[in-house]
Amino acid sequence: MNLQKAVLGISLLTVSVSYAQKKPLDHSVYDSWKSISNVEVSKSGRFISFLINPQEGDGIFEVKTKDNNILVRVPRATNVKLAKNESYYVGSIKPLFQETRQAKIKKKKADDMPKDSLFIYNTSTKETWKTPDVKSFKMAWQKNDFVAYLTDIKIEAPVDTTKKEKAAKPKTLPALVVRNLATGDTLNFLKADQYTWSPNENFIAFTKKNEAKDTVSNDHGLYLYNLTSKELKKISNGKGTYKELTFDDQSTQLTFLADKSPEKALLKDFKLYYYTPTQDSARVLAQQSTSGVPQNWYVSGDGKLNFSADGQRLYFGLAPIPAVKDTTLVDFEHAQVDIWHWKDDYLQPQQLVNLKNDQTKNYPAVISLQSGNRLLALVDDKFNRSSISETGTNEWMLASSDFGNRIASQWEASTLSDLYLVSTVNGSKKIILKNFAGQAFLNPNGTHVVYFDREKGNWHSYAISTEKSIVLNDGIPVSFVDEENDSPTYASPYGTMGWSEDGNHIYIYDRYDIWRFALNGKDKQLLTNGEGRASKTVYRYIDLTKNDNPRYRTTFIPSKKDIYITSFNENNKYNGISVINAAKTRKPTELTSESYTFKAFNASEDGKTIAFTKENYNSSPDLYVTDNFKKQERFTTINPQQDDYNWGTAELVQWTTPHGYAAEGILYKPENFDPNKKYPIIAYFYEKLTDGLYTYQAPAPTPSRLNIPYFVSNEYLVFAPNISYEIGHPGKSAEEYINSGMRFLAQNSWVDSTKMAIQGQSWGGYQVAHLITRTNMYAAAWTGAPVVNMTSAYGGIRWQTGLSRQFQYERTQSRIGKTLWEAKDLYLENSPLFYMDRVTTPVVIMHNDNDGAVPWYQGIEMFTALRRLEKPVWMLNYNNDEHNLMKRQNRKDIQIRQAQFFDHYLKGKAAPKWITTGVPAIEKGIDWGFQ
């Protein structure tokens with residue numbers, strides 16, 4: 001009897017434990033896993049809005065009040081704007097995901113696909129108005145009493161009641177609708193095409209375009225409607241293409257581009273038009289024959305139009321007149337050939353990739369509207385970059401020319417350029433630096449050029465008035481470039497934070513701290529008081545400023561109030577928030593430091609209501625709101641289903657490599673980890689990953705990286721080691737860190753040292769290929785888009801950009817540091833192909849035929865070598881997909897195969913058909929081989 005009771009007790013215990021167990025993640029969970037984006041706090045702080053989107057399906061737009069009450073939810077809303085007075089939210093509503101999916105299945109034409117709708121939500125009355133089939137909508141940036149949107153309107157044909165005739169079918173015409181947000185009153189402008197608001201919302205400009213078969217109507221042209229006087233005026237007449245409708249900031253001037261040449265003309269001859277209310281109609285301000293336009297150049301139809309902030313200058317683009325193809329030639333009678341020439345500035349593949357950009361390339365010119373409309377072409381096609389300050393009111397613009405140095409881009413990571421200042425007043429040019437490698441920009445006032453010299457690792461300030469340059473960081477005993485640079489190229493700077501409000505100071509980062517430099521060199525301040533370097537804490541600015549003017553992108557740092565900065569401790573990987581003053585040196589005041597990552601900051605105008613997302617490996621990114629970060633209120637729980645699954649933990653692991661280097665990595669364990677069990681382990685790596693210790697990883701079909709949450713949930717250990725590299729020996733460096741890290745973990749009784757595997761993509765894929773030629777410690781390996789033969793890859797092409805691959809080996813990631821002819825031994829040492837006979841590890845290769853980064857013949861070389869050597873190898877080619885998988889269906893497929901592969905070799909599960917016998921081409925698309 002007692003025995004029976006004991007057995008019954010054990011049975012009940014087993015049942016209760018099994019009910020308590022959480023289920024492992026499977027491949028069906030991906031689509032519904034959600035994320036937060038577009039976090040926005042209203043200026044007053046009354047409202048906090050955000051989007052919650054599943055990986056695939058219909059998202060939702062939510063608005064909450066500051067006290068965490070729901071104001072409104074709008075399914076599938078996107079591109080949402082809040083009116084200036086915070087009375088209305090206006091946005092688009094996407095069609096249902098399934099509706100669009102079915103339309104794609106039925107291969108409907110673009111015009112027949114489901115259309116967006118428009119919604120307007122009144123924050124006072126809590127009423128929502130919607131209208132269907134809206135192509136786009138726009139609001140002005142200075143005032144928001146109206147919204148304009150493009151839609152189609154059905155026009156009923158008139159019926160002659162005196163005759164017994166059937167009414168003609170209604171005609172659908174495009175229309176611009178202008179709606180008063182407060183009253184709901186609307187104005188309709190039929191046949192409208194393009195449109196734009198004046199900044200002050202007093203005017204709306206739009207074009208009318210007739211159907212091609214309509215040869216009778218003559219209402220095509222550009223119109224201006226005055227919302228104050230309710231007057232509609234046609235300001236430009238004629239069929240053609242109208243582009244870049246642009247008002248000045250004061251809403252007193254309008255400019256645009258128009259080509260009114262015959263529809264079948266091979267050369268589109270755009271002209272620059274200009275209008276003010278004092279004119280009867282817009283007039284041509286610049287065209288091919290205008291004085292100042294270089295010979296054989298014309299006004300570019302692809303140039304951007306910009307007034308200066310004071311409205312006194314108009315910037316536009318000029319371009320050489322292109323050669324026109326002879327349309328009388330018959331294609332099949334003439335050769336189609338690319339001619340590669342050794343003196344070409346750029347390789348032919350690069351030219352072909354950039355063909356569209358080159359065809360639309362244009363160069364800045366300016367018209368002085370207060371000086372007789374004088375036109376100046378500022379630079380020509382020998383210049384590769386140019387920039388005008390955001391206000392456009394300064395005399396000098398910055399330009400660089402790499403002419404004569406372009407061929408060297410084939411093997412250099414960057415090209416040398418000459419740096420110029422160009423006068424927007426008289427067009428004069430003065431060179432300020434020759435053979436410059438680095439970055440340069442104007443200060444907001446246009447009085448100085450700040451530049452970073454990559455060769456010497458210094459920040460400089462060049463005073464335009466005195467033509468003198470100073471080293472800003474002169475005498476400072478810390479580096480302003482990457483202190484851990486392990487590539488054979490100049491180290492990169494840590495970057496800049498922004499400008500002082502007067503534009504005379506710049507804020508620059510070193511590895512840890514924040515510095516403030518006067519551009520005249522008379523003042524240097526270490527704002528964070530050296531606390532960053534002392535504690536190995538990286539401080540970076542949180543920009544919470546709001547700016548409505550689309551012209552301005554400059555970050556100005558408030559000087560009269562405290563600012564928030566993030567902190568990241570390199571030792572424990574904690575993230576936090578601190579406070580400093582942008583004008584004073586002081587130790588940062590820490591508000592919080594946690595085992596979380598903070599992102600997506602947004603704040604009210606007064607900075608008293610701050611929204612942000614917070615996450616770590618265990619916690620999905622959710623929205624929080626605070627006034628000072630000490631008290632944080634949670635506003636969302638977007639993935640509650642995570643609690644139903646066996647999740648995991650992330651911990652920092654540290655060890656010493658065979659050569660005595662300090663090393664670290666992240667070890668991911670399943671939530672139900674049992675130290676009395678033995679677990680298979682997979683190493684996933686790229687370069688350095690430990691800074692992401694407290695970053696959330698959603699279960700998602702990856703571009704071909706390891707799906708860490710999936711494997712951890714299914715009771716694997718996953719290890720992500722950091723790797724530091726020795727120049728010339730990247731393969732040995734991978735051995736030093738990855739193998740030693742795995743051996744270190746294998747000392748634990750809960751690691752099954754006979755069931756260890758490695759997985760990597762791209763550069764990680766190369767390291768996988770190398771490791772399996774040097775050790776047999778791994779039971780399985782998966783490599784994505786690997787380079788296996790550096791001798792053939794060295795001379796290859798990165799087809800997505802058309803660039804030669806030589807620079808990658810000599811200067812960047814592959815880290816050889818020398819040419820193939822200078823260091824054949826290093827290229828051979830680091831080419832796994834030549835050691836494939838040593839491989840004993842079963843390996844899957846993924847390499848796709850549209851890989852634009854690593855030529856897919858690298859994967860083929862690896863596969864055919866191992867096949868010839870009768871080693872177990874498989875290769876996946878996802879047709880027409882890229883270096884990293886872009887198509888979601890392919891991402892889902894590879895998750896299944898990767899899980900099946902590792903389950904077979906690390907857990908002893910039965911192998912599916914694609915592993916045992918493969919899937920022949922005759923069964924492609926019929927049988928995927930999963931069974």
# chains A, B, ... in the order shown; residues from 1 in each chain; ligands from 1

call {"tool": "residues_around", "arguments": {"residues": "segment 818-827 of chain A", "least_positions_apart": "6", "cutoff": "7 Å", "atoms": "only C-alpha atoms", "output": "mmCIF file with N, CA and C atoms, in the first residue's frame"}}
result
data_model
loop_
_atom_site.group_PDB
_atom_site.id
_atom_site.type_symbol
_atom_site.label_atom_id
_atom_site.label_comp_id
_atom_site.auth_asym_id
_atom_site.auth_seq_id
_atom_site.Cartn_x
_atom_site.Cartn_y
_atom_site.Cartn_z
ATOM 1 N N GLY A 728 47.924 40.306 -40.834
ATOM 2 C CA GLY A 728 48.565 39.276 -41.638
ATOM 3 C C GLY A 728 48.159 37.866 -41.260
ATOM 4 N N MET A 790 41.841 33.290 -50.887
ATOM 5 C CA MET A 790 42.173 34.709 -50.935
ATOM 6 C C MET A 790 42.949 35.080 -52.197
ATOM 7 N N THR A 791 43.559 34.117 -52.842
ATOM 8 C CA THR A 791 44.303 34.446 -54.062
ATOM 9 C C THR A 791 43.354 34.750 -55.214
ATOM 10 N N GLU A 810 44.159 44.370 -48.476
ATOM 11 C CA GLU A 810 45.302 45.219 -48.169
ATOM 12 C C GLU A 810 45.033 46.174 -47.014
#

call {"tool": "residues_around", "arguments": {"residues": "Arg313 of chain A", "least_positions_apart": "6", "cutoff": "9 Å", "atoms": "only C-alpha atoms", "output": "MDAnalysis selection string"}}
result
chainID A and resid 306:307 366:370 373 392:393

call {"tool": "write_last_selection", "arguments": {"atoms": "N, CA and C atoms", "output": "compact mmCIF listing (two decimals), in the first residue's frame"}}
result
# COMPACT_ATOMS: atom_id res chain seq x y z
N ASN A 306 17.02 74.65 -53.48
CA ASN A 306 17.02 75.14 -52.10
C ASN A 306 17.24 76.64 -52.08
N PHE A 307 16.35 77.35 -51.40
CA PHE A 307 16.60 78.74 -51.09
C PHE A 307 17.48 78.82 -49.85
N VAL A 366 24.46 78.53 -58.12
CA VAL A 366 23.68 79.44 -57.28
C VAL A 366 23.27 80.67 -58.09
N ILE A 367 22.09 81.18 -57.80
CA ILE A 367 21.61 82.43 -58.37
C ILE A 367 21.40 83.41 -57.22
N SER A 368 22.04 84.57 -57.32
CA SER A 368 21.88 85.61 -56.30
C SER A 368 20.67 86.45 -56.65
N LEU A 369 19.59 86.23 -55.93
CA LEU A 369 18.31 86.85 -56.26
C LEU A 369 18.29 88.35 -55.98
N GLN A 370 19.19 88.80 -55.11
CA GLN A 370 19.25 90.23 -54.79
C GLN A 370 20.34 90.96 -55.58
N ASN A 373 20.03 88.50 -60.26
CA ASN A 373 19.88 87.09 -60.64
C ASN A 373 21.14 86.54 -61.33
N GLY A 392 22.74 78.22 -45.92
CA GLY A 392 23.07 78.65 -47.28
C GLY A 392 23.34 80.13 -47.39
N THR A 393 23.57 80.80 -46.27
CA THR A 393 23.77 82.25 -46.29
C THR A 393 25.24 82.65 -46.25

call {"tool": "closest_residue", "arguments": {"among": "A:Phe270, A:Trp340, A:Phe598, A:Phe316", "to": "Ala365 of chain A", "atoms": "only C-alpha atoms"}}
result
A:Phe316

call {"tool": "select_by_dssp", "arguments": {"residues": "segment 134-299 of chain A", "states": "strand (DSSP E)", "output": "count of residues only"}}
result
80

call {"tool": "residues_around", "arguments": {"residues": "segment 29-41 of chain A", "least_positions_apart": "6", "cutoff": "6 Å", "atoms": "only C-alpha atoms", "output": "compact mmCIF listing (two decimals) with N, CA and C atoms, in the first residue's frame"}}
result
# COMPACT_ATOMS: atom_id res chain seq x y z
N PHE A 47 1.08 63.71 -24.95
CA PHE A 47 0.84 62.45 -25.66
C PHE A 47 2.15 61.75 -25.98
N ILE A 48 2.12 60.43 -25.93
CA ILE A 48 3.24 59.58 -26.34
C ILE A 48 2.69 58.60 -27.38
N SER A 49 3.26 58.65 -28.59
CA SER A 49 2.78 57.78 -29.66
C SER A 49 3.88 56.83 -30.10
N PHE A 50 3.46 55.70 -30.68
CA PHE A 50 4.43 54.69 -31.11
C PHE A 50 3.73 53.66 -31.98
N LEU A 51 4.53 52.92 -32.74
CA LEU A 51 4.04 51.82 -33.56
C LEU A 51 4.46 50.50 -32.95
N ILE A 52 3.56 49.53 -32.97
CA ILE A 52 3.88 48.17 -32.58
C ILE A 52 3.64 47.29 -33.80
N ASN A 53 4.70 46.69 -34.29
CA ASN A 53 4.60 45.89 -35.51
C ASN A 53 5.06 44.46 -35.29
N PRO A 54 4.28 43.49 -35.80
CA PRO A 54 4.79 42.12 -35.82
C PRO A 54 5.82 41.99 -36.92
N GLN A 55 6.58 40.90 -36.92
CA GLN A 55 7.55 40.70 -37.99
C GLN A 55 6.85 40.56 -39.34
N GLU A 56 5.68 39.96 -39.34
CA GLU A 56 4.89 39.84 -40.56
C GLU A 56 3.42 39.92 -40.17
N ASN A 602 13.05 59.95 -26.91
CA ASN A 602 12.29 61.07 -27.45
C ASN A 602 11.70 61.83 -26.27
N ALA A 603 11.55 63.13 -26.43
CA ALA A 603 11.15 63.93 -25.27
C ALA A 603 10.25 65.08 -25.67
N SER A 604 9.53 65.61 -24.69
CA SER A 604 8.75 66.83 -24.88
C SER A 604 9.70 67.99 -25.06
N PRO A 699 13.32 36.15 -31.43
CA PRO A 699 13.31 34.96 -32.29
C PRO A 699 12.81 35.36 -33.67
N ALA A 700 13.70 35.31 -34.64
CA ALA A 700 13.36 35.79 -35.98
C ALA A 700 14.16 35.02 -37.01

call {"tool": "residues_around", "arguments": {"residues": "segment 234-236 of chain A", "least_positions_apart": "2", "cutoff": "6 Å", "atoms": "only C-alpha atoms", "output": "PyMOL selection string"}}
result
chain A and resi 221-223+281-282

call {"tool": "write_last_selection", "arguments": {"atoms": "N, CA and C atoms", "output": "compact mmCIF listing (two decimals), in the first residue's frame"}}
result
# COMPACT_ATOMS: atom_id res chain seq x y z
N GLY A 221 -0.47 72.31 -66.30
CA GLY A 221 0.41 73.38 -65.85
C GLY A 221 0.53 73.39 -64.35
N LEU A 222 1.07 74.48 -63.81
CA LEU A 222 1.28 74.63 -62.38
C LEU A 222 0.36 75.70 -61.84
N TYR A 223 -0.28 75.38 -60.70
CA TYR A 223 -1.26 76.28 -60.11
C TYR A 223 -0.84 76.63 -58.68
N SER A 281 2.98 85.41 -63.85
CA SER A 281 3.26 83.99 -64.00
C SER A 281 4.73 83.73 -63.72
N ALA A 282 5.06 82.46 -63.57
CA ALA A 282 6.45 82.09 -63.31
C ALA A 282 7.30 82.38 -64.54

call {"tool": "residues_around", "arguments": {"residues": "segment 770-772 of chain A", "least_positions_apart": "3", "cutoff": "10 Å", "atoms": "only C-alpha atoms", "output": "PDB file with C-alpha atoms, in the first residue's frame"}}
result
ATOM      1  CA  PRO A 730      43.376  36.633 -39.352  1.00  0.00           C
ATOM      2  CA  GLY A 731      42.942  32.839 -39.476  1.00  0.00           C
ATOM      3  CA  LYS A 732      45.351  32.203 -36.623  1.00  0.00           C
ATOM      4  CA  ALA A 734      40.326  33.169 -34.993  1.00  0.00           C
ATOM      5  CA  GLU A 735      42.007  30.004 -33.709  1.00  0.00           C
ATOM      6  CA  ILE A 738      37.453  30.885 -30.714  1.00  0.00           C
ATOM      7  CA  ASN A 739      39.132  27.546 -30.088  1.00  0.00           C
ATOM      8  CA  ILE A 758      30.618  26.586 -35.089  1.00  0.00           C
ATOM      9  CA  GLY A 764      32.390  34.781 -39.707  1.00  0.00           C
ATOM     10  CA  GLY A 765      31.893  32.284 -42.534  1.00  0.00           C
ATOM     11  CA  TYR A 766      35.521  32.694 -43.563  1.00  0.00           C
ATOM     12  CA  GLN A 767      36.614  31.946 -40.012  1.00  0.00           C
ATOM     13  CA  THR A 775      41.134  21.359 -35.876  1.00  0.00           C
ATOM     14  CA  ASN A 776      38.814  18.378 -35.650  1.00  0.00           C
ATOM     15  CA  MET A 777      37.301  19.482 -32.319  1.00  0.00           C
ATOM     16  CA  TYR A 778      33.969  20.414 -33.932  1.00  0.00           C
ATOM     17  CA  ALA A 779      31.230  17.893 -34.645  1.00  0.00           C
ATOM     18  CA  ALA A 780      29.517  20.166 -37.180  1.00  0.00           C
ATOM     19  CA  ALA A 781      30.037  23.505 -38.916  1.00  0.00           C
ATOM     20  CA  PRO A 786      32.803  32.409 -46.992  1.00  0.00           C
ATOM     21  CA  VAL A 787      35.973  33.475 -48.740  1.00  0.00           C
ATOM     22  CA  VAL A 788      38.071  30.303 -48.988  1.00  0.00           C
ATOM     23  CA  GLU A 829      48.214  30.661 -45.131  1.00  0.00           C
ATOM     24  CA  ASN A 830      44.841  32.381 -44.818  1.00  0.00           C
ATOM     25  CA  SER A 831      43.159  30.539 -47.695  1.00  0.00           C
ATOM     26  CA  PRO A 832      41.286  27.504 -46.320  1.00  0.00           C
ATOM     27  CA  LEU A 833      40.939  26.041 -49.835  1.00  0.00           C
ATOM     28  CA  TYR A 835      43.981  22.847 -46.637  1.00  0.00           C
ATOM     29  CA  MET A 836      40.624  21.250 -47.359  1.00  0.00           C
ATOM     30  CA  ARG A 838      42.519  18.183 -43.524  1.00  0.00           C
ATOM     31  CA  VAL A 839      38.766  18.668 -42.962  1.00  0.00           C
ATOM     32  CA  THR A 840      36.874  16.021 -41.027  1.00  0.00           C
ATOM     33  CA  THR A 841      33.943  18.184 -39.873  1.00  0.00           C
ATOM     34  CA  PRO A 842      30.574  17.907 -41.686  1.00  0.00           C
ATOM     35  CA  VAL A 843      29.858  21.376 -43.050  1.00  0.00           C
TER      36      VAL A 843
END

call {"tool": "residues_around", "arguments": {"residues": "Asp248 of chain A", "least_positions_apart": "3", "cutoff": "9 Å", "atoms": "only C-alpha atoms", "output": "count of residues only"}}
result
13

call {"tool": "closest_residue", "arguments": {"among": "A:Asp269, A:Glu86, A:Asp548, A:Glu156", "to": "Thr172 of chain A", "atoms": "only C-alpha atoms"}}
result
A:Glu156

call {"tool": "closest_residue", "arguments": {"among": "A:Glu201, A:Asp523, A:Glu923, A:Glu231", "to": "Lys143 of chain A", "atoms": "only C-alpha atoms"}}
result
A:Glu201

call {"tool": "select_by_dssp", "arguments": {"residues": "segment 341-551 of chain A", "states": "helix (DSSP H, G or I)", "output": "number ranges by chain"}}
result
A: 348-353, 355-360, 406-410, 531-535

call {"tool": "write_last_selection", "arguments": {"atoms": "N, CA and C atoms", "output": "PDB file, in the first residue's frame"}}
result
ATOM      1  N   GLN A 348      35.035  49.115 -64.909  1.00  0.00           N
ATOM      2  CA  GLN A 348      33.808  49.057 -65.690  1.00  0.00           C
ATOM      3  C   GLN A 348      32.608  48.546 -64.866  1.00  0.00           C
ATOM      4  N   PRO A 349      32.760  47.488 -64.044  1.00  0.00           N
ATOM      5  CA  PRO A 349      31.607  47.060 -63.240  1.00  0.00           C
ATOM      6  C   PRO A 349      31.113  48.146 -62.292  1.00  0.00           C
ATOM      7  N   GLN A 350      32.041  48.923 -61.735  1.00  0.00           N
ATOM      8  CA  GLN A 350      31.637  50.014 -60.847  1.00  0.00           C
ATOM      9  C   GLN A 350      30.896  51.090 -61.629  1.00  0.00           C
ATOM     10  N   GLN A 351      31.365  51.357 -62.844  1.00  0.00           N
ATOM     11  CA  GLN A 351      30.670  52.329 -63.689  1.00  0.00           C
ATOM     12  C   GLN A 351      29.254  51.866 -64.011  1.00  0.00           C
ATOM     13  N   LEU A 352      29.106  50.564 -64.270  1.00  0.00           N
ATOM     14  CA  LEU A 352      27.781  50.040 -64.620  1.00  0.00           C
ATOM     15  C   LEU A 352      26.846  50.072 -63.417  1.00  0.00           C
ATOM     16  N   VAL A 353      27.374  49.743 -62.227  1.00  0.00           N
ATOM     17  CA  VAL A 353      26.552  49.812 -61.016  1.00  0.00           C
ATOM     18  C   VAL A 353      26.107  51.248 -60.750  1.00  0.00           C
ATOM     19  N   LEU A 355      25.744  53.592 -62.956  1.00  0.00           N
ATOM     20  CA  LEU A 355      25.294  54.232 -64.188  1.00  0.00           C
ATOM     21  C   LEU A 355      24.118  55.174 -63.951  1.00  0.00           C
ATOM     22  N   LYS A 356      23.117  54.708 -63.216  1.00  0.00           N
ATOM     23  CA  LYS A 356      21.946  55.549 -62.981  1.00  0.00           C
ATOM     24  C   LYS A 356      22.316  56.796 -62.196  1.00  0.00           C
ATOM     25  N   ASN A 357      23.163  56.625 -61.189  1.00  0.00           N
ATOM     26  CA  ASN A 357      23.611  57.783 -60.413  1.00  0.00           C
ATOM     27  C   ASN A 357      24.404  58.748 -61.281  1.00  0.00           C
ATOM     28  N   ASP A 358      25.258  58.192 -62.132  1.00  0.00           N
ATOM     29  CA  ASP A 358      26.055  59.050 -63.004  1.00  0.00           C
ATOM     30  C   ASP A 358      25.174  59.816 -63.996  1.00  0.00           C
ATOM     31  N   GLN A 359      24.097  59.163 -64.444  1.00  0.00           N
ATOM     32  CA  GLN A 359      23.202  59.816 -65.384  1.00  0.00           C
ATOM     33  C   GLN A 359      22.414  60.955 -64.733  1.00  0.00           C
ATOM     34  N   THR A 360      22.271  60.877 -63.419  1.00  0.00           N
ATOM     35  CA  THR A 360      21.531  61.929 -62.710  1.00  0.00           C
ATOM     36  C   THR A 360      22.447  62.860 -61.917  1.00  0.00           C
ATOM     37  N   ARG A 406      41.593  58.586 -58.415  1.00  0.00           N
ATOM     38  CA  ARG A 406      40.462  57.665 -58.341  1.00  0.00           C
ATOM     39  C   ARG A 406      40.848  56.212 -58.589  1.00  0.00           C
ATOM     40  N   ILE A 407      41.819  55.977 -59.422  1.00  0.00           N
ATOM     41  CA  ILE A 407      42.210  54.586 -59.712  1.00  0.00           C
ATOM     42  C   ILE A 407      42.688  53.888 -58.445  1.00  0.00           C
ATOM     43  N   ALA A 408      43.314  54.650 -57.547  1.00  0.00           N
ATOM     44  CA  ALA A 408      43.853  54.056 -56.322  1.00  0.00           C
ATOM     45  C   ALA A 408      42.760  53.509 -55.407  1.00  0.00           C
ATOM     46  N   SER A 409      41.503  53.899 -55.640  1.00  0.00           N
ATOM     47  CA  SER A 409      40.417  53.365 -54.813  1.00  0.00           C
ATOM     48  C   SER A 409      40.282  51.853 -54.987  1.00  0.00           C
ATOM     49  N   GLN A 410      40.897  51.313 -56.044  1.00  0.00           N
ATOM     50  CA  GLN A 410      40.854  49.862 -56.276  1.00  0.00           C
ATOM     51  C   GLN A 410      41.547  49.104 -55.151  1.00  0.00           C
ATOM     52  N   GLU A 531      36.132  61.160 -16.090  1.00  0.00           N
ATOM     53  CA  GLU A 531      35.496  60.054 -15.379  1.00  0.00           C
ATOM     54  C   GLU A 531      35.341  58.838 -16.285  1.00  0.00           C
ATOM     55  N   GLY A 532      35.103  59.077 -17.585  1.00  0.00           N
ATOM     56  CA  GLY A 532      34.933  57.977 -18.509  1.00  0.00           C
ATOM     57  C   GLY A 532      36.160  57.090 -18.578  1.00  0.00           C
ATOM     58  N   ARG A 533      37.319  57.695 -18.806  1.00  0.00           N
ATOM     59  CA  ARG A 533      38.551  56.904 -18.926  1.00  0.00           C
ATOM     60  C   ARG A 533      38.923  56.262 -17.589  1.00  0.00           C
ATOM     61  N   ALA A 534      38.678  56.976 -16.516  1.00  0.00           N
ATOM     62  CA  ALA A 534      39.038  56.436 -15.199  1.00  0.00           C
ATOM     63  C   ALA A 534      38.233  55.180 -14.869  1.00  0.00           C
ATOM     64  N   SER A 535      36.982  55.160 -15.274  1.00  0.00           N
ATOM     65  CA  SER A 535      36.114  54.032 -14.921  1.00  0.00           C
ATOM     66  C   SER A 535      35.830  53.118 -16.101  1.00  0.00           C
TER      67      SER A 535
END

call {"tool": "closest_residue", "arguments": {"among": "A:Gly238, A:Ala611, A:Ser749, A:Leu652", "to": "Asn218 of chain A", "atoms": "only C-alpha atoms"}}
result
A:Gly238

call {"tool": "closest_residue", "arguments": {"among": "A:Ser593, A:Leu347, A:Gly929, A:Ser28", "to": "Ser804 of chain A", "atoms": "only C-alpha atoms"}}
result
A:Leu347
